[in-house]
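The file target-v1.csv comes next; it holds CSV, C-alpha atoms.
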chain,number,residue,atom,x,y,z
A,1,ASP,CA,18.9,-34.8,29.1
A,2,MET,CA,19.3,-31.4,30.8
A,3,ASN,CA,16.7,-32.2,33.5
A,4,LYS,CA,18.7,-35.3,34.6
A,5,PHE,CA,21.9,-33.3,34.5
A,6,GLU,CA,20.4,-30.7,36.9
A,7,GLN,CA,19.0,-33.3,39.2
A,8,ASP,CA,22.4,-35.0,39.3
A,9,GLY,CA,24.1,-31.7,40.1
A,10,LYS,CA,22.3,-31.5,43.4
A,11,TRP,CA,24.6,-34.3,44.7
A,12,ASP,CA,27.8,-32.5,43.6
A,13,GLY,CA,30.2,-32.1,46.6
A,14,LEU,CA,28.5,-34.7,48.8
A,15,LYS,CA,30.1,-37.9,50.0
A,16,GLY,CA,28.2,-41.0,50.8
A,17,TYR,CA,29.2,-44.2,52.7
A,18,ILE,CA,27.6,-47.6,52.2
A,19,THR,CA,28.5,-50.1,54.9
A,20,ASN,CA,27.2,-53.3,56.4
A,21,THR,CA,28.5,-52.6,59.9
A,22,GLY,CA,26.5,-52.0,63.0
A,23,LEU,CA,28.4,-48.8,63.8
A,24,ASP,CA,26.5,-45.5,63.9
A,25,LYS,CA,27.1,-42.9,61.2
A,26,ASP,CA,29.6,-40.8,63.3
A,27,GLN,CA,31.7,-43.9,64.0
A,28,VAL,CA,31.7,-44.9,60.3
A,29,ILE,CA,32.9,-41.4,59.3
A,30,GLU,CA,35.5,-41.3,62.0
A,31,ASN,CA,36.9,-44.7,61.0
A,32,TYR,CA,36.9,-43.8,57.3
A,33,ASN,CA,38.8,-40.5,58.1
A,34,ASN,CA,41.5,-42.6,60.0
A,35,LEU,CA,42.0,-44.9,57.0
A,36,TRP,CA,45.0,-42.8,55.9
A,37,LYS,CA,46.9,-44.0,59.0
A,38,ILE,CA,46.5,-47.7,57.8
A,39,GLU,CA,47.5,-46.8,54.3
A,40,LYS,CA,50.6,-44.9,55.6
A,41,ALA,CA,51.6,-48.0,57.7
A,42,PHE,CA,51.4,-50.2,54.6
A,43,ARG,CA,53.5,-47.7,52.6
A,44,ILE,CA,56.1,-47.6,55.3
A,45,ALA,CA,56.2,-51.4,55.5
A,46,LYS,CA,56.6,-51.8,51.7
A,47,SER,CA,58.9,-48.9,50.9
A,48,ASP,CA,61.0,-48.1,54.0
A,49,ILE,CA,61.1,-51.5,55.8
A,50,LYS,CA,60.8,-53.4,52.6
A,51,VAL,CA,58.4,-56.1,53.9
A,52,ARG,CA,57.4,-58.4,51.2
A,53,PRO,CA,55.0,-61.3,51.1
A,54,VAL,CA,56.7,-64.7,51.8
A,55,TYR,CA,54.8,-67.8,51.2
A,56,HIS,CA,55.0,-70.0,54.3
A,57,TYR,CA,53.0,-73.1,54.9
A,58,LYS,CA,53.6,-73.8,58.6
A,59,GLN,CA,51.5,-71.8,61.1
A,60,ARG,CA,54.6,-71.1,63.2
A,61,ARG,CA,56.5,-69.6,60.3
A,62,ILE,CA,53.5,-67.5,59.2
A,63,GLU,CA,53.2,-66.1,62.7
A,64,ALA,CA,56.9,-65.4,62.9
A,65,HIS,CA,56.9,-63.5,59.6
A,66,ILE,CA,54.0,-61.4,60.8
A,67,SER,CA,55.6,-60.8,64.2
A,68,ILE,CA,58.9,-59.7,62.6
A,69,ALA,CA,57.2,-57.3,60.2
A,70,PHE,CA,55.2,-55.9,63.1
A,71,VAL,CA,58.2,-55.4,65.3
A,72,ALA,CA,60.1,-53.8,62.4
A,73,TYR,CA,57.2,-51.3,62.0
A,74,LYS,CA,57.1,-50.5,65.7
A,75,VAL,CA,60.9,-49.9,65.8
A,76,TYR,CA,60.5,-47.6,62.8
A,77,LYS,CA,57.7,-45.7,64.4
A,78,GLU,CA,59.7,-45.4,67.7
A,79,LEU,CA,62.6,-44.0,65.7
A,80,GLU,CA,60.2,-41.5,64.0
A,81,ARG,CA,58.8,-40.5,67.4
A,82,GLN,CA,62.3,-40.1,68.9
A,83,LEU,CA,63.4,-37.9,66.0
A,84,LEU,CA,60.4,-35.7,66.4
A,85,GLU,CA,60.8,-35.5,70.2
A,86,LYS,CA,64.4,-34.4,69.8
A,87,GLU,CA,63.4,-32.0,67.0
A,88,ALA,CA,66.0,-33.6,64.7
A,89,LYS,CA,66.0,-32.5,61.2
A,90,LEU,CA,66.3,-36.1,59.9
A,91,SER,CA,63.7,-38.4,58.5
A,92,PRO,CA,63.7,-42.0,59.7
A,93,GLN,CA,64.9,-43.1,56.3
A,94,LYS,CA,67.9,-40.7,56.5
A,95,ALA,CA,68.7,-41.8,60.1
A,96,ILE,CA,68.7,-45.5,59.0
A,97,GLU,CA,71.0,-44.6,56.1
A,98,ILE,CA,73.4,-42.9,58.4
A,99,ALA,CA,73.4,-45.8,60.9
A,100,ARG,CA,74.1,-48.3,58.0
A,101,TYR,CA,77.0,-46.1,56.9
A,102,LEU,CA,78.4,-45.9,60.5
A,103,TYR,CA,78.4,-49.7,60.8
A,104,GLY,CA,80.4,-50.0,57.6
A,105,ARG,CA,77.7,-50.9,55.2
A,106,ASN,CA,77.5,-48.7,52.2
A,107,PRO,CA,73.8,-47.9,51.6
A,108,ALA,CA,74.2,-48.1,47.9
A,109,GLN,CA,75.3,-51.7,48.2
A,110,ILE,CA,72.5,-52.8,50.5
A,111,ASN,CA,69.5,-54.7,49.1
A,112,GLY,CA,67.2,-53.7,51.9
Show me, as structure tokens, the structure contained in the file I just sent.
Amino acid sequence: DMNKFEQDGKWDGLKGYITNTGLDKDQVIENYNNLWKIEKAFRIAKSDIKVRPVYHYKQRRIEAHISIAFVAYKVYKELERQLLEKEAKLSPQKAIEIARYLYGRNPAQING
């Protein structure tokens, strides 16, 4: 159906958002555009810090697990900030690898 195809083509290149929030349209777009920061944080937590789900049943242990993961992420981000500030040519991952080596732990033998 060529008519339907042409009508559909009018929407090419447009992006739409459907939400049930009370935010205005500019706030919705701004929050969506910042979503990459949250996705990056999860990637760092999974790949660099190696945070994995642990199944706890006691409230105190659940909170401790979340707190440890959060602190590890904050330390990682502070390392990243310090390296940028000092214009070091190292990634946080490489700096961690060097630190492990300096403390006598061969990075190839470490399980995270």
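Taking atom CA of A:Arg61 and atom CA of A:Lys40 as the two end points, the separation is 25.8 Å.
Between A:Ala95 and the candidates A:Asp48, A:Ala69, A:Lys25, A:Tyr55, the tightest atom-to-atom separation, counting all atoms listed in the file, involves A:Asp48.
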Check your understanding: Could you name the residues that touch stretch 84-93 of chain A at 12 Å or less, counting all atoms listed in the file, but leaving out those on the same chain fewer than 3 positions away, as a count of residues only?
Key -> 20
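Closest approach to A:Ala72 from the set A:Val28, A:Val54, A:Leu35, A:Ala45 is made by A:Ala45, with distances taken over all atoms listed in the file.
With atom CA of A:Tyr32 on one side and atom CA of A:Lys15 on the other, the separation reads 11.6 Å.
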Exercise for review: Go ahead and compute the interatomic distance for atom CA of A:Phe5 and atom CA of A:Tyr17, in Å to one decimal.
Suggested key: 22.4 Å
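Proximity to A:Phe70 was assessed for A:Trp11, A:Tyr103, A:Phe42, A:Tyr57 counting all atoms listed in the file; the smallest distance is recorded for A:Phe42.
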